[in-house]
Every structure is written in structure tokens, then in C-alpha cells.
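Source file final35.cif; content: mmCIF, C-alpha atoms and all ligand atoms.
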```cif
data_protein
loop_
_atom_site.group_PDB
_atom_site.id
_atom_site.type_symbol
_atom_site.label_atom_id
_atom_site.label_comp_id
_atom_site.auth_asym_id
_atom_site.auth_seq_id
_atom_site.Cartn_x
_atom_site.Cartn_y
_atom_site.Cartn_z
ATOM 1 C CA MET A 8 3.362 -13.156 -21.987
ATOM 2 C CA GLN A 9 3.774 -16.337 -19.926
ATOM 3 C CA ALA A 10 3.386 -15.965 -16.131
ATOM 4 C CA LYS A 11 6.378 -16.819 -13.969
ATOM 5 C CA PRO A 12 5.890 -18.435 -10.541
ATOM 6 C CA VAL A 13 7.033 -16.607 -7.399
ATOM 7 C CA SER A 14 9.515 -19.437 -6.723
ATOM 8 C CA PHE A 15 11.286 -18.813 -10.061
ATOM 9 C CA SER A 16 12.841 -15.547 -8.853
ATOM 10 C CA ARG A 17 13.010 -16.110 -5.086
ATOM 11 C CA THR A 18 16.527 -15.020 -4.093
ATOM 12 C CA THR A 19 18.620 -14.945 -0.920
ATOM 13 C CA ILE A 20 21.854 -13.050 -0.341
ATOM 14 C CA THR A 21 23.863 -13.897 2.783
ATOM 15 C CA GLU A 22 26.813 -11.868 3.971
ATOM 16 C CA LEU A 23 29.054 -11.861 7.065
ATOM 17 C CA MET A 24 29.134 -8.466 8.804
ATOM 18 C CA ILE A 25 32.823 -7.509 8.986
ATOM 19 C CA PRO A 26 34.323 -4.710 11.164
ATOM 20 C CA ALA A 27 34.664 -2.407 8.104
ATOM 21 C CA TYR A 28 30.838 -2.223 7.981
ATOM 22 C CA ALA A 29 30.518 -0.829 11.524
ATOM 23 C CA ASN A 30 29.451 2.676 12.514
ATOM 24 C CA PHE A 31 31.015 4.707 15.326
ATOM 25 C CA GLY A 32 28.822 2.908 17.868
ATOM 26 C CA GLY A 33 30.155 -0.493 16.798
ATOM 27 C CA LYS A 34 26.928 -1.603 15.081
ATOM 28 C CA ILE A 35 26.444 -2.128 11.334
ATOM 29 C CA HIS A 36 25.749 1.009 9.226
ATOM 30 C CA GLY A 37 22.135 1.158 8.037
ATOM 31 C CA GLY A 38 23.510 2.034 4.596
ATOM 32 C CA ILE A 39 25.325 -1.306 4.339
ATOM 33 C CA LEU A 40 22.030 -3.132 4.919
ATOM 34 C CA LEU A 41 20.189 -0.856 2.458
ATOM 35 C CA SER A 42 22.832 -1.541 -0.186
ATOM 36 C CA LEU A 43 22.478 -5.306 0.316
ATOM 37 C CA MET A 44 18.675 -4.978 0.116
ATOM 38 C CA ASP A 45 18.988 -3.055 -3.150
ATOM 39 C CA LYS A 46 21.211 -5.809 -4.571
ATOM 40 C CA VAL A 47 18.865 -8.654 -3.666
ATOM 41 C CA ALA A 48 15.883 -6.619 -4.939
ATOM 42 C CA TYR A 49 17.730 -6.123 -8.231
ATOM 43 C CA ALA A 50 18.573 -9.825 -8.613
ATOM 44 C CA CYS A 51 15.055 -10.980 -7.758
ATOM 45 C CA ALA A 52 13.235 -8.404 -9.933
ATOM 46 C CA ALA A 53 15.605 -8.786 -12.914
ATOM 47 C CA LYS A 54 15.125 -12.544 -12.802
ATOM 48 C CA HIS A 55 11.344 -12.219 -12.905
ATOM 49 C CA ALA A 56 11.392 -9.452 -15.525
ATOM 50 C CA GLY A 57 14.060 -11.087 -17.693
ATOM 51 C CA ALA A 58 15.287 -7.510 -18.120
ATOM 52 C CA TYR A 59 17.348 -4.772 -16.520
ATOM 53 C CA VAL A 60 15.524 -3.133 -13.587
ATOM 54 C CA VAL A 61 15.990 0.050 -11.561
ATOM 55 C CA THR A 62 14.832 0.968 -8.066
ATOM 56 C CA VAL A 63 11.917 3.427 -7.960
ATOM 57 C CA SER A 64 10.937 3.526 -4.304
ATOM 58 C CA VAL A 65 11.507 1.836 -0.980
ATOM 59 C CA ASP A 66 8.860 1.298 1.709
ATOM 60 C CA GLY A 67 8.923 0.008 5.245
ATOM 61 C CA VAL A 68 12.577 0.409 6.136
ATOM 62 C CA ASN A 69 12.357 0.398 9.926
ATOM 63 C CA PHE A 70 15.282 -1.266 11.632
ATOM 64 C CA ARG A 71 13.737 -2.936 14.675
ATOM 65 C CA GLU A 72 17.014 -4.206 16.101
ATOM 66 C CA PRO A 73 20.674 -3.351 15.496
ATOM 67 C CA VAL A 74 22.948 -5.783 13.659
ATOM 68 C CA SER A 75 26.371 -6.450 15.193
ATOM 69 C CA VAL A 76 29.787 -7.156 13.699
ATOM 70 C CA GLY A 77 30.265 -10.916 13.288
ATOM 71 C CA GLU A 78 26.606 -11.651 12.522
ATOM 72 C CA LEU A 79 25.528 -13.408 9.356
ATOM 73 C CA VAL A 80 22.852 -11.381 7.585
ATOM 74 C CA SER A 81 20.457 -13.011 5.120
ATOM 75 C CA MET A 82 18.150 -11.082 2.811
ATOM 76 C CA HIS A 83 15.269 -13.227 1.538
ATOM 77 C CA ALA A 84 13.556 -11.641 -1.470
ATOM 78 C CA SER A 85 10.527 -12.574 -3.524
ATOM 79 C CA VAL A 86 8.282 -10.792 -5.995
ATOM 80 C CA ASN A 87 5.043 -9.892 -4.175
ATOM 81 C CA TYR A 88 3.233 -8.028 -6.944
ATOM 82 C CA VAL A 89 3.643 -7.024 -10.566
ATOM 83 C CA GLY A 90 2.042 -4.133 -12.431
ATOM 84 C CA ARG A 91 2.612 -3.491 -16.135
ATOM 85 C CA THR A 92 6.256 -2.384 -15.913
ATOM 86 C CA SER A 93 6.793 -2.348 -12.147
ATOM 87 C CA LEU A 94 7.387 -5.076 -9.569
ATOM 88 C CA VAL A 95 7.231 -5.025 -5.795
ATOM 89 C CA VAL A 96 9.914 -7.125 -4.138
ATOM 90 C CA GLY A 97 9.435 -7.982 -0.449
ATOM 91 C CA ILE A 98 12.663 -8.484 1.492
ATOM 92 C CA ARG A 99 12.847 -10.178 4.887
ATOM 93 C CA VAL A 100 16.114 -9.417 6.667
ATOM 94 C CA GLU A 101 17.374 -11.871 9.267
ATOM 95 C CA SER A 102 20.571 -11.777 11.256
ATOM 96 C CA GLU A 103 22.201 -14.780 12.890
ATOM 97 C CA ASN A 104 24.755 -14.821 15.686
ATOM 98 C CA VAL A 105 26.996 -17.557 14.257
ATOM 99 C CA ILE A 106 28.413 -18.464 17.669
ATOM 100 C CA SER A 107 25.204 -18.727 19.716
ATOM 101 C CA GLY A 108 22.957 -19.607 16.780
ATOM 102 C CA GLU A 109 20.467 -16.900 17.872
ATOM 103 C CA ASN A 110 18.407 -15.565 14.984
ATOM 104 C CA LYS A 111 16.587 -12.235 14.764
ATOM 105 C CA HIS A 112 14.279 -10.637 12.239
ATOM 106 C CA THR A 113 15.553 -7.068 11.836
ATOM 107 C CA ASN A 114 13.101 -5.743 9.223
ATOM 108 C CA THR A 115 10.900 -6.425 6.244
ATOM 109 C CA SER A 116 11.001 -3.859 3.442
ATOM 110 C CA TYR A 117 9.416 -3.451 0.041
ATOM 111 C CA PHE A 118 11.311 -2.266 -3.024
ATOM 112 C CA THR A 119 9.430 -1.121 -6.115
ATOM 113 C CA MET A 120 11.490 -1.673 -9.260
ATOM 114 C CA VAL A 121 10.715 -0.949 -12.919
ATOM 115 C CA ALA A 122 11.943 -2.915 -15.915
ATOM 116 C CA LYS A 123 13.770 -1.149 -18.727
ATOM 117 C CA ASP A 124 15.015 -2.285 -22.123
ATOM 118 C CA MET A 125 18.490 -1.633 -23.524
ATOM 119 C CA GLU A 126 17.402 1.830 -24.761
ATOM 120 C CA GLY A 127 16.222 2.725 -21.249
ATOM 121 C CA LYS A 128 12.529 2.528 -22.220
ATOM 122 C CA LEU A 129 10.064 0.989 -19.738
ATOM 123 C CA CYS A 130 9.141 -2.578 -20.694
ATOM 124 C CA GLU A 131 6.348 -4.939 -19.698
ATOM 125 C CA VAL A 132 7.034 -7.646 -17.117
ATOM 126 C CA PRO A 133 5.550 -11.181 -17.085
ATOM 127 C CA PRO A 134 2.445 -11.807 -14.924
ATOM 128 C CA LEU A 135 3.063 -13.419 -11.542
ATOM 129 C CA GLU A 136 1.878 -16.929 -10.736
ATOM 130 C CA LEU A 137 0.916 -17.117 -7.044
ATOM 131 C CA GLU A 138 1.728 -20.608 -5.792
ATOM 132 C CA ASN A 139 0.286 -20.718 -2.286
ATOM 133 C CA GLU A 140 -1.718 -18.779 0.334
ATOM 134 C CA GLU A 141 1.400 -16.941 1.525
ATOM 135 C CA ASP A 142 1.957 -15.584 -2.005
ATOM 136 C CA VAL A 143 -1.705 -14.505 -2.143
ATOM 137 C CA ARG A 144 -1.442 -12.746 1.246
ATOM 138 C CA ARG A 145 1.732 -10.888 0.208
ATOM 139 C CA CYS A 146 0.180 -9.861 -3.103
ATOM 140 C CA LEU A 147 -2.983 -8.530 -1.424
ATOM 141 C CA GLU A 148 -0.858 -6.633 1.105
ATOM 142 C CA ALA A 149 1.121 -5.075 -1.757
ATOM 143 C CA ILE A 150 -2.112 -3.922 -3.427
ATOM 144 C CA LYS A 151 -3.356 -2.378 -0.139
ATOM 145 C CA ARG A 152 0.034 -0.703 0.453
ATOM 146 C CA LYS A 153 0.036 0.741 -3.073
ATOM 147 C CA ARG A 154 -3.484 2.208 -2.606
ATOM 148 C CA LEU A 155 -2.785 3.637 0.853
ATOM 149 C CA LYS A 156 0.507 5.111 -0.362
ATOM 150 C CA ALA A 157 -1.186 6.839 -3.299
ATOM 151 C CA ALA A 158 -3.892 8.259 -0.990
ATOM 152 C CA PHE A 159 -1.284 9.455 1.521
ATOM 153 C CA SER A 160 0.811 11.010 -1.227
ATOM 154 C CA ASP A 161 -2.186 12.967 -2.637
ATOM 155 C CA GLU A 162 -3.258 14.140 0.807
ATOM 156 C CA PHE A 163 0.258 15.173 1.802
ATOM 157 C CA ASP A 164 0.754 17.095 -1.483
ATOM 158 C CA ASN A 165 -2.494 18.972 -0.770
ATOM 159 C CA GLU A 166 -1.425 19.797 2.778
ATOM 160 C CA LYS A 167 2.020 20.894 1.601
ATOM 161 C CA ASN A 168 0.646 23.151 -1.128
ATOM 162 C CA ARG A 169 -1.843 24.754 1.266
ATOM 163 C CA LEU A 170 0.607 25.099 4.169
ATOM 164 C CA ASP A 171 0.284 28.595 5.587
ATOM 165 C CA LEU A 172 3.174 29.402 7.944
ATOM 166 C CA ALA A 173 1.302 32.031 9.977
ATOM 167 C CA GLU A 174 -1.645 29.678 10.486
ATOM 168 C CA ASN A 175 0.494 26.696 11.480
ATOM 169 C CA VAL A 176 3.417 28.185 13.378
ATOM 170 C CA HIS A 177 1.580 27.498 16.704
ATOM 171 C CA LEU A 178 2.244 23.752 16.116
ATOM 172 C CA LEU A 179 5.914 24.423 16.900
ATOM 173 C CA LYS A 180 5.008 25.393 20.477
ATOM 174 C CA ASN A 181 4.696 21.703 21.433
ATOM 175 C CA GLU A 182 7.934 20.739 19.707
ATOM 176 C CA ARG A 183 11.517 20.849 20.985
ATOM 177 C CA VAL A 184 12.597 23.561 18.570
ATOM 178 C CA VAL A 185 13.709 27.147 19.125
ATOM 179 C CA PHE A 186 12.599 29.902 16.786
ATOM 180 C CA GLU A 187 12.595 33.652 17.275
ATOM 181 C CA SER A 188 10.679 35.627 14.701
ATOM 182 C CA LYS A 189 12.814 38.469 13.275
ATOM 183 C CA LYS A 190 9.651 40.524 12.575
HETATM 184 C C1 LIG A 201 10.309 5.313 -12.240
HETATM 185 C C2 LIG A 201 10.173 6.018 -13.574
HETATM 186 C C3 LIG A 201 10.409 5.049 -14.689
HETATM 187 C C4 LIG A 201 8.727 6.535 -13.634
HETATM 188 O O1 LIG A 201 8.600 7.219 -14.842
HETATM 189 P P1 LIG A 201 7.173 7.737 -15.329
HETATM 190 O O2 LIG A 201 7.380 8.478 -16.564
HETATM 191 O O3 LIG A 201 6.479 8.393 -14.178
HETATM 192 O O4 LIG A 201 6.492 6.388 -15.735
HETATM 193 P P2 LIG A 201 5.075 5.788 -15.357
HETATM 194 O O5 LIG A 201 4.181 6.796 -14.697
HETATM 195 O O6 LIG A 201 4.593 5.109 -16.586
HETATM 196 O O7 LIG A 201 5.445 4.699 -14.257
HETATM 197 C C5 LIG A 201 6.040 3.490 -14.629
HETATM 198 C C6 LIG A 201 5.744 2.486 -13.537
HETATM 199 O O8 LIG A 201 6.417 2.880 -12.338
HETATM 200 C C7 LIG A 201 5.475 2.960 -11.281
HETATM 201 N N1 LIG A 201 5.897 4.066 -10.424
HETATM 202 C C8 LIG A 201 6.249 5.302 -10.799
HETATM 203 N N2 LIG A 201 6.570 6.034 -9.729
HETATM 204 C C9 LIG A 201 6.423 5.237 -8.649
HETATM 205 C C10 LIG A 201 6.609 5.402 -7.250
HETATM 206 N N3 LIG A 201 7.015 6.547 -6.716
HETATM 207 N N4 LIG A 201 6.370 4.362 -6.437
HETATM 208 C C11 LIG A 201 5.959 3.175 -6.944
HETATM 209 N N5 LIG A 201 5.777 2.937 -8.263
HETATM 210 C C12 LIG A 201 5.996 3.964 -9.096
HETATM 211 C C13 LIG A 201 4.136 3.244 -11.940
HETATM 212 O O9 LIG A 201 3.064 2.836 -11.112
HETATM 213 C C14 LIG A 201 4.251 2.394 -13.201
HETATM 214 O O10 LIG A 201 4.005 1.046 -12.849
HETATM 215 P P3 LIG A 201 3.173 0.057 -13.830
HETATM 216 O O11 LIG A 201 3.767 0.182 -15.211
HETATM 217 O O12 LIG A 201 3.433 -1.288 -13.254
HETATM 218 O O13 LIG A 201 1.757 0.461 -13.755
HETATM 219 C C15 LIG A 201 11.169 7.206 -13.682
HETATM 220 O O14 LIG A 201 10.840 8.146 -12.681
HETATM 221 C C16 LIG A 201 12.602 6.783 -13.531
HETATM 222 O O15 LIG A 201 13.192 6.240 -14.458
HETATM 223 N N6 LIG A 201 13.224 7.071 -12.365
HETATM 224 C C17 LIG A 201 14.608 6.775 -12.115
HETATM 225 C C18 LIG A 201 14.779 5.379 -11.535
HETATM 226 C C19 LIG A 201 16.243 5.068 -11.367
HETATM 227 O O16 LIG A 201 17.056 5.359 -12.195
HETATM 228 N N7 LIG A 201 16.553 4.460 -10.200
HETATM 229 C C20 LIG A 201 17.884 4.173 -9.845
HETATM 230 C C21 LIG A 201 18.274 5.063 -8.712
HETATM 231 S S1 LIG A 201 19.842 5.808 -8.995
#
```

Could you show the structure in this file as C-alpha cells?
Amino acid sequence: MQAKPVSFSRTTITELMIPAYANFGGKIHGGILLSLMDKVAYACAAKHAGAYVVTVSVDGVNFREPVSVGELVSMHASVNYVGRTSLVVGIRVESENVISGENKHTNTSYFTMVAKDMEGKLCEVPPLELENEEDVRRCLEAIKRKRLKAAFSDEFDNEKNRLDLAENVHLLKNERVVFESKK
């Protein structure tokens, strides 16, 4: 399979934040931004894969700043890493105040997508050609993130399976919760 360069599938979606997207506090719903991220991740990953792709997992969605009605939001996506059937798409979200010209970086998130054929079976994706140092840095970060995530997931599963309520209930004492045992 011939490698495809990162630049081949780099994709940006830009959308004006209209009042219908606002929450009760007057800021943009997080779900609107997540939906836009999912769309740009789809376009970018499908372009690289040359196939239909679906979202498997999402990492690093931390909204650092709210987005307001009237701002122009741009989602810049590129493939950071490819496995056999999966791809990691990094998405940088920026929001521009079109009147003042002020620009802010609201978050960077990572969508893992897998490629599927028309029968819904997983299919192999082309290798990724890294074109510059930035591509190399993003790829190495994706590898580190994947390893740390797998280690965290194993450790958390162990903790969850071994969780003994009687042994751990004292942890609630430092939390702002109320619980009265019925025993
Ligand atoms: C994702 C899915 C294909 C995994 O199925 P599976 O039988 O576990 O397949 P595999 O273990 O072979 O994993 C396939 C690839 O997905 C990756 N993957 C699976 N689960 C993952 C996760 N939680 N996070 C990141 N990558 C994951 C694997 O690493 C593998 O990548 P590789 O081929 O590049 O090495 C399957 O769970 C699925 O189809 N989920 C539904 C996805 C969907 O429909 N999304 C739309 C949301 S409505």
C-alpha cells in the first residue's frame, strides 16, 4: 500500500456560531463543538483511508475557554498516526471574534477512527508519510498517548474489579457527598 502524506488529508471546517447553538448561559453548547469535531475527524480520516470510517474513541476534550455566539470557529484536523485499521486525527480548535479579530485556542483533541469496507469489515489504511518535524512530534505524541492510555485502562480495570466498598467507603469522608448507611 502506498503511503499518503499528512498534507493530503489535512482538513479545516469553519463555521459561524449562531444563536441557535447557544446554551442557557449564552455560550455555545459543548455538544455543537463535539459534533463539528466529529465531522472534521471523519472527513480527514476518510480522505487518508480512502474508505468509510467510524469514531472509536475521543481523547483530550477539555474546553479551556468558552466560545460565544458570533464567533467563527475553525477546526484544523490532520492525521497524526496510523495503525493497521485505525487512525488518530488531531484537531486544533480555534475561535475568532470576527469584529475584534481576537483569536483563541479553545482545545486540541484526538479522535481515533477505524476504517471499514462496504460490508462493515475493518480494512487496512495506507501508511502515513511524515513531511516535517511537526508531523514527527505529533506522531510520537500519539504513540505515547496510546501506550499511556492502554496502561491506564488496564490499571483502572484492575482497581474497578477489586473495588471493595467496605474497604474504600472512608474515601467518601473527604468528599462533598452525603450517605447514610441503612445497615
Ligand atoms: C472499534 C471496533 C471496530 C473495535 O472492534 P474490535 O473487534 O475490538 O477490533 P480490533 O481489536 O481489531 O481493533 C481494531 C482497531 O481499533 C483500535 N481500537 C479498538 N478499540 C479502541 C479504543 N478504545 N481506542 C483506540 N483504538 C481502539 C485497535 O487498536 C485496532 O487498531 P489497529 O488495527 O490500527 O491496530 C468496534 O468496537 C466497533 O465497530 N465499534 C463501533 C464504532 C462505531 O460504530 N462508532 C460510531 C459511533 S455511533

Next item on the list: Compute the set of protein, DNA and RNA residues whose minimum atom distance to ligand LIG 201 (chain A) is at most 8 Å, using all atoms listed in the file, and state it as number ranges by chain.
Entry: A: 61-65, 89-94, 119-121, 129, 131, 153

Item checked: Nearest to Tyr49 (chain A) by atom-to-atom distance, counting only C-alpha atoms, from A:Phe15, A:Phe159, A:Phe118, A:Phe186 -> A:Phe118

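Residues lying within 8 Å of Lys123 (chain A), counting all atoms listed in the file and ignoring same-chain neighbours fewer than 2 positions away, are A:Ala58, A:Tyr59, A:Val60, A:Val61, A:Val121, A:Met125, A:Glu126, A:Gly127, A:Lys128, A:Leu129, A:Cys130.
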
Margin query: Considering all atoms listed in the file, can you say which of A:Asp66, A:Glu148, A:Glu166, A:Glu103 comes closest to Tyr117 (chain A)?
Written below: A:Asp66

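In this comparison, which uses all atoms listed in the file, the residue of A:Tyr88, A:Lys46, A:Arg71, A:Met24 approaching Pro134 (chain A) most closely is A:Tyr88.
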
Item checked: Proximity to Ile39 (chain A) - best of A:Val76, A:Val185, A:Leu135, A:Leu172, all atoms listed in the file -> A:Val76

Next item on the list: Just the residues within 7 Å of region 138-144 of chain A, please, counting all atoms listed in the file, with nothing from its chain fewer than 3 positions along; format it as a list in words.
Entry: Pro12, Val13, Asn87, Leu147 and Glu148 of chain A

Notebook entry, point to check: With all atoms listed in the file as the basis for distance, which of A:Glu22, A:Glu101, A:Glu187, A:Asp45 is at the shortest distance from Thr115 (chain A)?
Noted result: A:Glu101

Coordinates of box centre and edge lengths for region 21-25 of chain A, 8 Å on every side, axis-aligned, as lines of an AutoDock Vina configuration file:
```
center_x = 28.3
center_y = -10.7
center_z = 5.9
size_x = 25.0
size_y = 22.4
size_z = 22.2
```

Next item on the list: Kindly extract all protein, DNA and RNA residues lying within 9 Å of the coordinates (12.6, -5.2, 6.6) given in the file, considering only C-alpha atoms, and supply them as number ranges by chain.
Entry: A: 44, 66-71, 82, 97-101, 112-117

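The neighbours of Thr19 (chain A) here are the residues that come within 7 Å of it, using only C-alpha atoms and leaving out any residue fewer than 6 positions away in the same chain; they are A:Val47, A:Ser81, A:Met82, A:His83, A:Ala84.
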
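Nearest to Ala29 (chain A) of all the residues A:Asp124, A:Glu136, A:Glu182, A:Glu78 is A:Glu78, counting only C-alpha atoms.
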
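Relative to CA of Arg145 (chain A), CA of Gly108 (chain A) is found at 28.3 Å.
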
Residue completion, region 32-53 of chain A, N, CA and C atoms, as a short mmCIF file (atom, residue, chain, number, x, y, z; two decimals), in the frame of the given file:
```cif
data_model
loop_
_atom_site.label_atom_id
_atom_site.label_comp_id
_atom_site.auth_asym_id
_atom_site.auth_seq_id
_atom_site.Cartn_x
_atom_site.Cartn_y
_atom_site.Cartn_z
N GLY A 32 29.34 3.56 16.65
CA GLY A 32 28.82 2.91 17.87
C GLY A 32 29.11 1.42 17.87
N GLY A 33 29.79 0.92 16.84
CA GLY A 33 30.16 -0.49 16.80
C GLY A 33 29.10 -1.39 16.18
N LYS A 34 27.97 -0.80 15.75
CA LYS A 34 26.93 -1.60 15.08
C LYS A 34 27.06 -1.40 13.57
N ILE A 35 26.32 -2.21 12.81
CA ILE A 35 26.44 -2.13 11.33
C ILE A 35 25.72 -0.89 10.80
N HIS A 36 26.36 -0.16 9.88
CA HIS A 36 25.75 1.01 9.23
C HIS A 36 24.44 0.60 8.55
N GLY A 37 23.39 1.42 8.74
CA GLY A 37 22.14 1.16 8.04
C GLY A 37 22.33 1.13 6.53
N GLY A 38 23.26 1.95 6.04
CA GLY A 38 23.51 2.03 4.60
C GLY A 38 24.05 0.73 4.01
N ILE A 39 24.80 -0.01 4.81
CA ILE A 39 25.32 -1.31 4.34
C ILE A 39 24.15 -2.25 4.09
N LEU A 40 23.19 -2.24 5.05
CA LEU A 40 22.03 -3.13 4.92
C LEU A 40 21.16 -2.69 3.74
N LEU A 41 21.00 -1.36 3.58
CA LEU A 41 20.19 -0.86 2.46
C LEU A 41 20.81 -1.25 1.12
N SER A 42 22.13 -1.19 1.05
CA SER A 42 22.83 -1.54 -0.19
C SER A 42 22.63 -3.03 -0.52
N LEU A 43 22.71 -3.86 0.53
CA LEU A 43 22.48 -5.31 0.32
C LEU A 43 21.03 -5.57 -0.12
N MET A 44 20.10 -4.81 0.48
CA MET A 44 18.68 -4.98 0.12
C MET A 44 18.46 -4.60 -1.35
N ASP A 45 19.13 -3.52 -1.77
CA ASP A 45 18.99 -3.06 -3.15
C ASP A 45 19.53 -4.12 -4.12
N LYS A 46 20.62 -4.77 -3.70
CA LYS A 46 21.21 -5.81 -4.57
C LYS A 46 20.28 -7.01 -4.71
N VAL A 47 19.73 -7.46 -3.58
CA VAL A 47 18.86 -8.65 -3.67
C VAL A 47 17.57 -8.30 -4.40
N ALA A 48 17.09 -7.05 -4.22
CA ALA A 48 15.88 -6.62 -4.94
C ALA A 48 16.17 -6.62 -6.44
N TYR A 49 17.36 -6.15 -6.80
CA TYR A 49 17.73 -6.12 -8.23
C TYR A 49 17.74 -7.55 -8.80
N ALA A 50 18.43 -8.45 -8.10
CA ALA A 50 18.57 -9.82 -8.61
C ALA A 50 17.21 -10.49 -8.77
N CYS A 51 16.37 -10.33 -7.75
CA CYS A 51 15.06 -10.98 -7.76
C CYS A 51 14.16 -10.40 -8.86
N ALA A 52 14.12 -9.05 -8.94
CA ALA A 52 13.24 -8.40 -9.93
C ALA A 52 13.73 -8.64 -11.36
N ALA A 53 15.06 -8.59 -11.56
CA ALA A 53 15.60 -8.79 -12.91
C ALA A 53 15.33 -10.21 -13.40
#
```
